[in-house]
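Please read the structure below before turning to the comments.
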Amino acid sequence: MDNVNYGEYWDRFYHATYQQQPGGKALWDVPVHRSAALDLVEMDHTLPKELPLLDVGCGTGEIASFFTKHFPKVIGVDVAQGAIDIAIERQTDAHIDFKILDITDATSCLALSEQYGPLNIYIRGVMHQVEENHLPQYVNNLETLLGGKGVLYMIEVASGIRDHFLHHSEGYHKLPAAVQKIFISNLPPRGVTVEGIATHFPPNRFEILKSNPEKLFTNLQSPDGMEIYIPAVQAIIKAKKFS
Ligand SMILES: C[S@@+](CC[C@H](N)C(=O)[O-])C[C@H]1O[C@@H](n2cnc3c(N)ncnc32)[C@H](O)[C@@H]1O
């Protein structure tokens, strides 16, 4: 399985968006009160608080840092060297480790599991970026990392996202035309569905505690101050056994 491209693609993205443009931000890079703090309300009841939390695809690390107040240890992993460099530079808390890791790579995930033991997992906006043929390995690796004890919380971009903005989103049509163009070209061509989650996390191996439509906030506002959000799906999932 060739996983090299995730690292190259995302590293280029972080260099172009953050390092070459002072003050540059990705669309999904919003203050934690519009992201992780909303997710925490859902996670609070179901994730065992004695286990560390793994933030998969942690990007520049603000969300992982936020979770240090709520879990004994946080590990932020991302495939992009450029993202992890920024996360380490901004890091202020000792209870957090940032590492480069490709979540579709079985060997690295097994090594991480051996290092930390069973983990809770937080994922915001990664599964929809994983190639379809890598998804079975992605799910196997999450199962390994959960170690039969942790719980996974995920929030992912929903399917049909481009059509949603082109035809249905009122806020989107109030954006200047140039911003509309950049916004659409940044959106992934496919997304995750509630049905897809049930297929990828089969009932003989996983218990889906929750799976429903949600919203992901972006850092864009329409000219009249309306927040532009992305339709999403949210799920909370337990692995039944240690794979
Ligand atoms: C849409 S961004 C979301 C970033 C962050 N979770 C947030 O919500 O702010 C997707 C992130 O996943 C990372 N990523 C993509 N593919 C990955 C992979 N195979 N393994 C680990 N990280 C990956 C990217 O580098 C990027 O930081």
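All residue names refer to the structure tokens as shown: chains lettered A, B, ... in order, residues numbered from 1 in each chain, ligands numbered from 1 in order.
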Handout entry: Long-range neighbours of range 104-111 of chain A as an NGL selection string, 6 Å cut-off, only C-alpha atoms, 2 positions minimum in chain
Key = :A and (102 or 113-114 or 137-138 or 141)
Exercise for the section: as a PyMOL selection string, please: all residues of range 76-154 of chain A that backbone DSSP puts in helix (DSSP H, G or I). Expected result: chain A and resi 81-90+106-116+127-129+132-146
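With the cut-off set to 7 Å and only C-alpha atoms and all ligand atoms counted, the residues surrounding ligand 1 are A:Tyr6, A:Trp10, A:Asp11, A:Trp28, A:Asp29, A:Val56, A:Gly57, A:Cys58, A:Gly59, A:Ile63, A:Val77, A:Asp78, A:Val79, A:Ala80, A:Ala83, A:Leu101, A:Asp102, A:Ile103, A:Thr104, A:Ile123, A:Arg124, A:Gly125, A:Val126, A:Gln129, A:Val130.
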Could you write out the selected residues, including C-alpha atoms, as a compact mmCIF listing (two decimals), in the first residue's frame?
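Done, and the output landed in result_22.txt:
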# COMPACT_ATOMS: atom_id res chain seq x y z
CA TYR A 6 -0.66 11.72 2.12
CA TRP A 10 -0.52 17.62 3.29
CA ASP A 11 2.97 18.92 3.89
CA TRP A 28 -11.49 24.43 9.27
CA ASP A 29 -9.07 26.26 11.58
CA VAL A 56 -5.63 11.86 14.68
CA GLY A 57 -4.88 14.49 12.01
CA CYS A 58 -4.22 17.09 14.72
CA GLY A 59 -3.04 19.75 12.27
CA ILE A 63 -7.51 21.15 19.59
CA VAL A 77 -0.49 12.88 15.34
CA ASP A 78 -0.51 14.15 11.78
CA VAL A 79 0.93 12.93 8.49
CA ALA A 80 2.26 16.41 7.62
CA ALA A 83 1.65 20.72 10.69
CA LEU A 101 2.12 9.40 11.83
CA ASP A 102 0.17 8.15 8.84
CA ILE A 103 -3.05 6.69 10.24
CA THR A 104 -3.32 4.31 7.27
CA ILE A 123 -10.87 12.70 14.77
CA ARG A 124 -12.09 15.88 13.09
CA GLY A 125 -12.08 15.88 9.31
CA VAL A 126 -9.72 13.08 8.30
CA GLN A 129 -9.58 12.56 3.00
CA VAL A 130 -8.53 8.88 3.13
Hey, could you make a per-residue contact list for range 111-190 of chain A against range 234-242 of chain A with 12 Å as the cut-off, showing the nearest pair of atoms and its distance in Å to one decimal, counting only C-alpha atoms, sorted by chain and number, as CSV?
residue,atom,partner,partner_atom,distance
A:Ser113,CA,A:Phe242,CA,10.9
A:Gly117,CA,A:Phe242,CA,10.9
A:Pro118,CA,A:Phe242,CA,9.0
A:Leu119,CA,A:Ala239,CA,11.2
A:Asn120,CA,A:Lys238,CA,9.4
A:Ile121,CA,A:Ile237,CA,9.6
A:Tyr122,CA,A:Ile236,CA,9.5
A:Ile123,CA,A:Gln234,CA,9.9
A:Arg124,CA,A:Gln234,CA,9.2
A:Gly125,CA,A:Gln234,CA,10.3
A:Met127,CA,A:Gln234,CA,11.6
A:Val139,CA,A:Ala239,CA,10.1
A:Asn140,CA,A:Ala239,CA,10.1
A:Asn141,CA,A:Phe242,CA,10.9
A:Leu142,CA,A:Ala239,CA,8.7
A:Glu143,CA,A:Ala239,CA,5.9
A:Thr144,CA,A:Phe242,CA,6.3
A:Leu145,CA,A:Phe242,CA,8.7
A:Leu146,CA,A:Ala239,CA,6.7
A:Gly147,CA,A:Phe242,CA,4.8
A:Gly148,CA,A:Phe242,CA,4.3
A:Lys149,CA,A:Ala239,CA,7.5
A:Gly150,CA,A:Lys238,CA,6.9
A:Val151,CA,A:Lys238,CA,4.9
A:Leu152,CA,A:Ile237,CA,5.1
A:Tyr153,CA,A:Ile236,CA,4.6
A:Met154,CA,A:Ala235,CA,5.3
A:Ile155,CA,A:Gln234,CA,4.3
A:Glu156,CA,A:Gln234,CA,6.4
A:Val157,CA,A:Gln234,CA,9.0
A:Ala158,CA,A:Gln234,CA,9.2
Residue subset to file, keeping N, CA, C and O atoms, as a short mmCIF file (atom, residue, chain, number, x, y, z; two decimals), in the first residue's frame:
data_model
loop_
_atom_site.label_atom_id
_atom_site.label_comp_id
_atom_site.auth_asym_id
_atom_site.auth_seq_id
_atom_site.Cartn_x
_atom_site.Cartn_y
_atom_site.Cartn_z
N SER A 113 0.49 2.05 19.49
CA SER A 113 -0.34 1.32 20.46
C SER A 113 0.54 0.64 21.51
O SER A 113 0.21 0.62 22.70
N GLY A 117 -0.45 2.02 24.95
CA GLY A 117 -1.57 1.18 25.42
C GLY A 117 -2.88 1.69 24.84
O GLY A 117 -2.89 2.53 23.94
N PRO A 118 -4.02 1.19 25.37
CA PRO A 118 -5.33 1.57 24.83
C PRO A 118 -5.56 3.08 24.89
O PRO A 118 -5.23 3.71 25.88
N LEU A 119 -6.15 3.62 23.82
CA LEU A 119 -6.34 5.08 23.71
C LEU A 119 -7.78 5.41 23.37
O LEU A 119 -8.44 4.68 22.61
N ASN A 120 -8.27 6.54 23.88
CA ASN A 120 -9.45 7.18 23.29
C ASN A 120 -8.96 7.87 22.02
O ASN A 120 -7.79 8.27 21.93
N ILE A 121 -9.88 8.04 21.06
CA ILE A 121 -9.46 8.68 19.81
C ILE A 121 -10.44 9.80 19.44
O ILE A 121 -11.67 9.62 19.54
N TYR A 122 -9.87 10.94 19.02
CA TYR A 122 -10.65 12.08 18.52
C TYR A 122 -10.23 12.32 17.07
O TYR A 122 -9.03 12.40 16.78
N ILE A 123 -11.21 12.43 16.18
CA ILE A 123 -10.87 12.70 14.77
C ILE A 123 -11.82 13.75 14.21
O ILE A 123 -13.05 13.57 14.24
N ARG A 124 -11.27 14.83 13.72
CA ARG A 124 -12.09 15.88 13.09
C ARG A 124 -11.59 16.08 11.66
O ARG A 124 -10.48 16.60 11.45
N GLY A 125 -12.36 15.59 10.72
CA GLY A 125 -12.08 15.88 9.31
C GLY A 125 -10.90 15.16 8.71
O GLY A 125 -10.09 15.77 8.01
N MET A 127 -11.29 11.23 7.87
CA MET A 127 -11.75 10.04 7.14
C MET A 127 -12.13 10.36 5.69
O MET A 127 -11.87 9.58 4.77
N VAL A 139 -9.57 1.67 9.35
CA VAL A 139 -10.45 1.18 10.43
C VAL A 139 -9.72 0.14 11.29
O VAL A 139 -9.81 0.17 12.52
N ASN A 140 -8.96 -0.77 10.65
CA ASN A 140 -8.18 -1.76 11.43
C ASN A 140 -7.23 -1.05 12.38
O ASN A 140 -7.06 -1.46 13.54
N ASN A 141 -6.59 0.01 11.90
CA ASN A 141 -5.60 0.71 12.74
C ASN A 141 -6.29 1.40 13.91
O ASN A 141 -5.77 1.41 15.03
N LEU A 142 -7.47 1.98 13.68
CA LEU A 142 -8.20 2.61 14.78
C LEU A 142 -8.58 1.55 15.81
O LEU A 142 -8.46 1.77 17.03
N GLU A 143 -8.97 0.37 15.33
CA GLU A 143 -9.34 -0.72 16.24
C GLU A 143 -8.14 -1.11 17.10
O GLU A 143 -8.26 -1.29 18.32
N THR A 144 -6.98 -1.22 16.48
CA THR A 144 -5.74 -1.53 17.23
C THR A 144 -5.49 -0.47 18.29
O THR A 144 -5.20 -0.78 19.45
N LEU A 145 -5.61 0.80 17.91
CA LEU A 145 -5.28 1.90 18.83
C LEU A 145 -6.29 1.99 19.97
O LEU A 145 -5.92 2.37 21.10
N LEU A 146 -7.54 1.65 19.73
CA LEU A 146 -8.55 1.67 20.80
C LEU A 146 -8.23 0.59 21.84
O LEU A 146 -8.57 0.74 23.02
N GLY A 147 -7.61 -0.49 21.38
CA GLY A 147 -7.12 -1.53 22.29
C GLY A 147 -8.22 -2.17 23.13
O GLY A 147 -7.96 -2.62 24.24
N GLY A 148 -9.45 -2.19 22.62
CA GLY A 148 -10.55 -2.84 23.33
C GLY A 148 -11.08 -2.05 24.51
O GLY A 148 -12.03 -2.48 25.17
N LYS A 149 -10.51 -0.89 24.81
CA LYS A 149 -10.93 -0.12 25.99
C LYS A 149 -11.31 1.32 25.66
O LYS A 149 -12.16 1.92 26.33
N GLY A 150 -10.66 1.90 24.67
CA GLY A 150 -10.90 3.31 24.35
C GLY A 150 -12.18 3.48 23.53
O GLY A 150 -12.77 2.52 23.06
N VAL A 151 -12.59 4.74 23.39
CA VAL A 151 -13.77 5.09 22.59
C VAL A 151 -13.36 6.13 21.56
O VAL A 151 -12.57 7.03 21.85
N LEU A 152 -13.92 5.98 20.35
CA LEU A 152 -13.63 6.90 19.24
C LEU A 152 -14.74 7.93 19.09
O LEU A 152 -15.92 7.56 19.02
N TYR A 153 -14.36 9.21 19.04
CA TYR A 153 -15.31 10.27 18.65
C TYR A 153 -14.84 10.81 17.30
O TYR A 153 -13.66 11.17 17.15
N MET A 154 -15.73 10.86 16.33
CA MET A 154 -15.33 11.46 15.04
C MET A 154 -16.38 12.41 14.52
O MET A 154 -17.58 12.20 14.73
N ILE A 155 -15.92 13.47 13.87
CA ILE A 155 -16.82 14.39 13.17
C ILE A 155 -16.20 14.63 11.80
O ILE A 155 -15.02 15.00 11.69
N GLU A 156 -16.98 14.33 10.75
CA GLU A 156 -16.45 14.28 9.40
C GLU A 156 -17.32 15.06 8.43
O GLU A 156 -18.55 15.14 8.61
N VAL A 157 -16.73 15.56 7.39
CA VAL A 157 -17.46 16.23 6.33
C VAL A 157 -18.45 15.24 5.70
O VAL A 157 -18.09 14.11 5.40
N ALA A 158 -19.70 15.69 5.54
CA ALA A 158 -20.73 14.81 4.97
C ALA A 158 -20.58 14.71 3.45
O ALA A 158 -19.86 15.49 2.83
#
Phe98 in chain A environment, 9 Å, only C-alpha atoms, sequence neighbours closer than 4 positions dropped, as a short mmCIF file (atom, residue, chain, number, x, y, z; two decimals) with C-alpha atoms, in the first residue's frame:
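Written output follows (result_39.cif):
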data_model
loop_
_atom_site.label_atom_id
_atom_site.label_comp_id
_atom_site.auth_asym_id
_atom_site.auth_seq_id
_atom_site.Cartn_x
_atom_site.Cartn_y
_atom_site.Cartn_z
CA CYS A 58 -4.22 17.09 14.72
CA GLY A 61 -2.38 21.31 17.51
CA ALA A 64 -5.05 18.65 21.12
CA VAL A 74 -2.94 13.85 24.87
CA ILE A 75 -1.07 12.63 21.78
CA GLY A 76 -1.49 14.62 18.57
CA VAL A 77 -0.49 12.88 15.34
CA ASP A 78 -0.51 14.15 11.78
CA ILE A 84 3.61 18.96 13.46
CA ASP A 85 6.38 21.60 13.28
CA ALA A 87 2.11 22.29 16.70
CA ILE A 88 5.43 21.77 18.52
CA GLN A 91 3.02 23.81 22.39
#
Practice task
Enumerate the residues of range 84-187 of chain A with a DSSP assignment of strand (DSSP E or B), computed from the backbone, and present them as a list in words.
Solution key: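 Strand (DSSP E or B) members of range 84-187 of chain A, listed: Ile96, Asp97, Phe98, Lys99, Ile100, Asn120, Ile121, Tyr122, Ile123, Arg124, Val151, Leu152, Tyr153, Met154, Ile155, Glu156, Val157 and Ala158 of chain A.
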Just write the chosen residues, C-alpha atoms, as a PDB file, in the first residue's frame.
ATOM      1  CA  ILE A  96       1.047  16.427  25.217  1.00  0.00           C
ATOM      2  CA  ASP A  97       3.180  14.641  22.602  1.00  0.00           C
ATOM      3  CA  PHE A  98       3.088  15.608  18.917  1.00  0.00           C
ATOM      4  CA  LYS A  99       4.278  13.057  16.374  1.00  0.00           C
ATOM      5  CA  ILE A 100       4.263  12.429  12.643  1.00  0.00           C
ATOM      6  CA  ASN A 120      -9.446   7.181  23.287  1.00  0.00           C
ATOM      7  CA  ILE A 121      -9.460   8.684  19.806  1.00  0.00           C
ATOM      8  CA  TYR A 122     -10.654  12.083  18.524  1.00  0.00           C
ATOM      9  CA  ILE A 123     -10.872  12.697  14.767  1.00  0.00           C
ATOM     10  CA  ARG A 124     -12.087  15.878  13.090  1.00  0.00           C
ATOM     11  CA  VAL A 151     -13.774   5.085  22.595  1.00  0.00           C
ATOM     12  CA  LEU A 152     -13.626   6.900  19.240  1.00  0.00           C
ATOM     13  CA  TYR A 153     -15.308  10.267  18.652  1.00  0.00           C
ATOM     14  CA  MET A 154     -15.332  11.455  15.040  1.00  0.00           C
ATOM     15  CA  ILE A 155     -16.815  14.389  13.173  1.00  0.00           C
ATOM     16  CA  GLU A 156     -16.448  14.280   9.396  1.00  0.00           C
ATOM     17  CA  VAL A 157     -17.459  16.235   6.326  1.00  0.00           C
ATOM     18  CA  ALA A 158     -20.730  14.813   4.969  1.00  0.00           C
TER      19      ALA A 158
END
Handout entry: Separation of CA of Tyr14 in chain A from CA of Gly82 in chain A in Å
Key =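 For CA of Gly82 in chain A relative to CA of Tyr14 in chain A, the distance reads 5.5 Å.
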Practice task
List the neighbours of Gly196 in chain A out to 12 Å using only C-alpha atoms; skip same-chain residues closer than 2 positions along the sequence, and give me the result as a list in words.
Solution key: Met127, His128, Glu132, Leu135, Glu156, Ala158, Ser159, Arg190, Gly191, Val192, Thr193, Val194, Ala198, Thr199, His200, Phe201, Pro202, Ser211, Asn212, Val233, Gln234 and Ala235 of chain A
Problem - d(CA of His164 in chain A, CA of Ile230 in chain A) in Å - result: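 Rounded to one decimal, the two atoms are 8.8 Å apart.
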Exercise for the section: List the neighbours of Leu27 in chain A out to 10 Å using only C-alpha atoms; skip same-chain residues closer than 4 positions along the sequence, and give me the result as a list in words. Expected result: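 Neighbouring residues, sequence-local ones excluded: Phe183, Asn186, Leu187, Phe217, Thr218, Asn219, Leu220 and Tyr229 of chain A.
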Tell me which protein, DNA and RNA residues are within 7 Å of Arg162 in chain A, counting only C-alpha atoms, leaving out same-chain ones fewer than 2 positions away, and put them as a JSON list (two decimals) with all heavy atoms, in the first residue's frame.
[["chain", "number", "residue", "atom", "x", "y", "z"],
["A", 160, "GLY", "N", -21.80, 14.81, -0.60],
["A", 160, "GLY", "CA", -22.56, 15.75, -1.43],
["A", 160, "GLY", "C", -22.29, 17.20, -1.06],
["A", 160, "GLY", "O", -23.10, 18.10, -1.28],
["A", 164, "HIS", "N", -24.15, 20.76, -2.03],
["A", 164, "HIS", "CA", -24.82, 21.50, -0.95],
["A", 164, "HIS", "C", -24.53, 22.99, -1.09],
["A", 164, "HIS", "O", -25.43, 23.82, -1.00],
["A", 164, "HIS", "CB", -24.36, 20.98, 0.42],
["A", 164, "HIS", "CG", -24.76, 21.86, 1.55],
["A", 164, "HIS", "ND1", -25.99, 21.74, 2.18],
["A", 164, "HIS", "CD2", -24.14, 22.92, 2.14],
["A", 164, "HIS", "CE1", -26.08, 22.68, 3.12],
["A", 164, "HIS", "NE2", -24.97, 23.39, 3.12],
["A", 165, "PHE", "N", -23.28, 23.33, -1.31],
["A", 165, "PHE", "CA", -22.94, 24.75, -1.37],
["A", 165, "PHE", "C", -23.37, 25.37, -2.69],
["A", 165, "PHE", "O", -23.85, 26.51, -2.71],
["A", 165, "PHE", "CB", -21.44, 24.96, -1.13],
["A", 165, "PHE", "CG", -21.13, 24.88, 0.34],
["A", 165, "PHE", "CD1", -20.55, 23.78, 0.89],
["A", 165, "PHE", "CD2", -21.51, 25.92, 1.18],
["A", 165, "PHE", "CE1", -20.32, 23.69, 2.26],
["A", 165, "PHE", "CE2", -21.29, 25.85, 2.55],
["A", 165, "PHE", "CZ", -20.69, 24.74, 3.08],
["A", 166, "LEU", "N", -23.21, 24.61, -3.78],
["A", 166, "LEU", "CA", -23.57, 25.19, -5.08],
["A", 166, "LEU", "C", -25.07, 25.46, -5.18],
["A", 166, "LEU", "O", -25.49, 26.42, -5.80],
["A", 166, "LEU", "CB", -23.13, 24.25, -6.21],
["A", 166, "LEU", "CG", -21.61, 24.22, -6.43],
["A", 166, "LEU", "CD1", -21.21, 23.10, -7.39],
["A", 166, "LEU", "CD2", -21.11, 25.56, -6.96],
["A", 184, "ILE", "N", -15.05, 26.37, -2.76],
["A", 184, "ILE", "CA", -15.45, 25.13, -3.44],
["A", 184, "ILE", "C", -14.22, 24.31, -3.83],
["A", 184, "ILE", "O", -14.20, 23.09, -3.67],
["A", 184, "ILE", "CB", -16.32, 25.44, -4.68],
["A", 184, "ILE", "CG1", -17.73, 25.83, -4.24],
["A", 184, "ILE", "CG2", -16.39, 24.27, -5.66],
["A", 184, "ILE", "CD1", -18.57, 24.72, -3.61],
["A", 187, "LEU", "N", -13.00, 22.12, -1.03],
["A", 187, "LEU", "CA", -13.86, 21.06, -0.47],
["A", 187, "LEU", "C", -13.55, 19.71, -1.11],
["A", 187, "LEU", "O", -13.27, 19.65, -2.30],
["A", 187, "LEU", "CB", -15.33, 21.40, -0.72],
["A", 187, "LEU", "CG", -15.89, 22.56, 0.09],
["A", 187, "LEU", "CD1", -17.31, 22.87, -0.35],
["A", 187, "LEU", "CD2", -15.87, 22.26, 1.59],
["A", 189, "PRO", "N", -14.16, 16.10, -2.84],
["A", 189, "PRO", "CA", -15.21, 15.68, -3.76],
["A", 189, "PRO", "C", -16.19, 14.70, -3.13],
["A", 189, "PRO", "O", -17.30, 14.55, -3.58],
["A", 189, "PRO", "CB", -14.45, 15.01, -4.90],
["A", 189, "PRO", "CG", -13.10, 14.71, -4.34],
["A", 189, "PRO", "CD", -12.84, 15.67, -3.24]]
Exercise for the section: Considering only C-alpha atoms, state which residue in the set A:Ile86, A:Ala16, A:Leu40, A:Leu51 is at the smallest distance from Phe66 in chain A. Expected result: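 Closest residue, counting only C-alpha atoms: A:Leu40.
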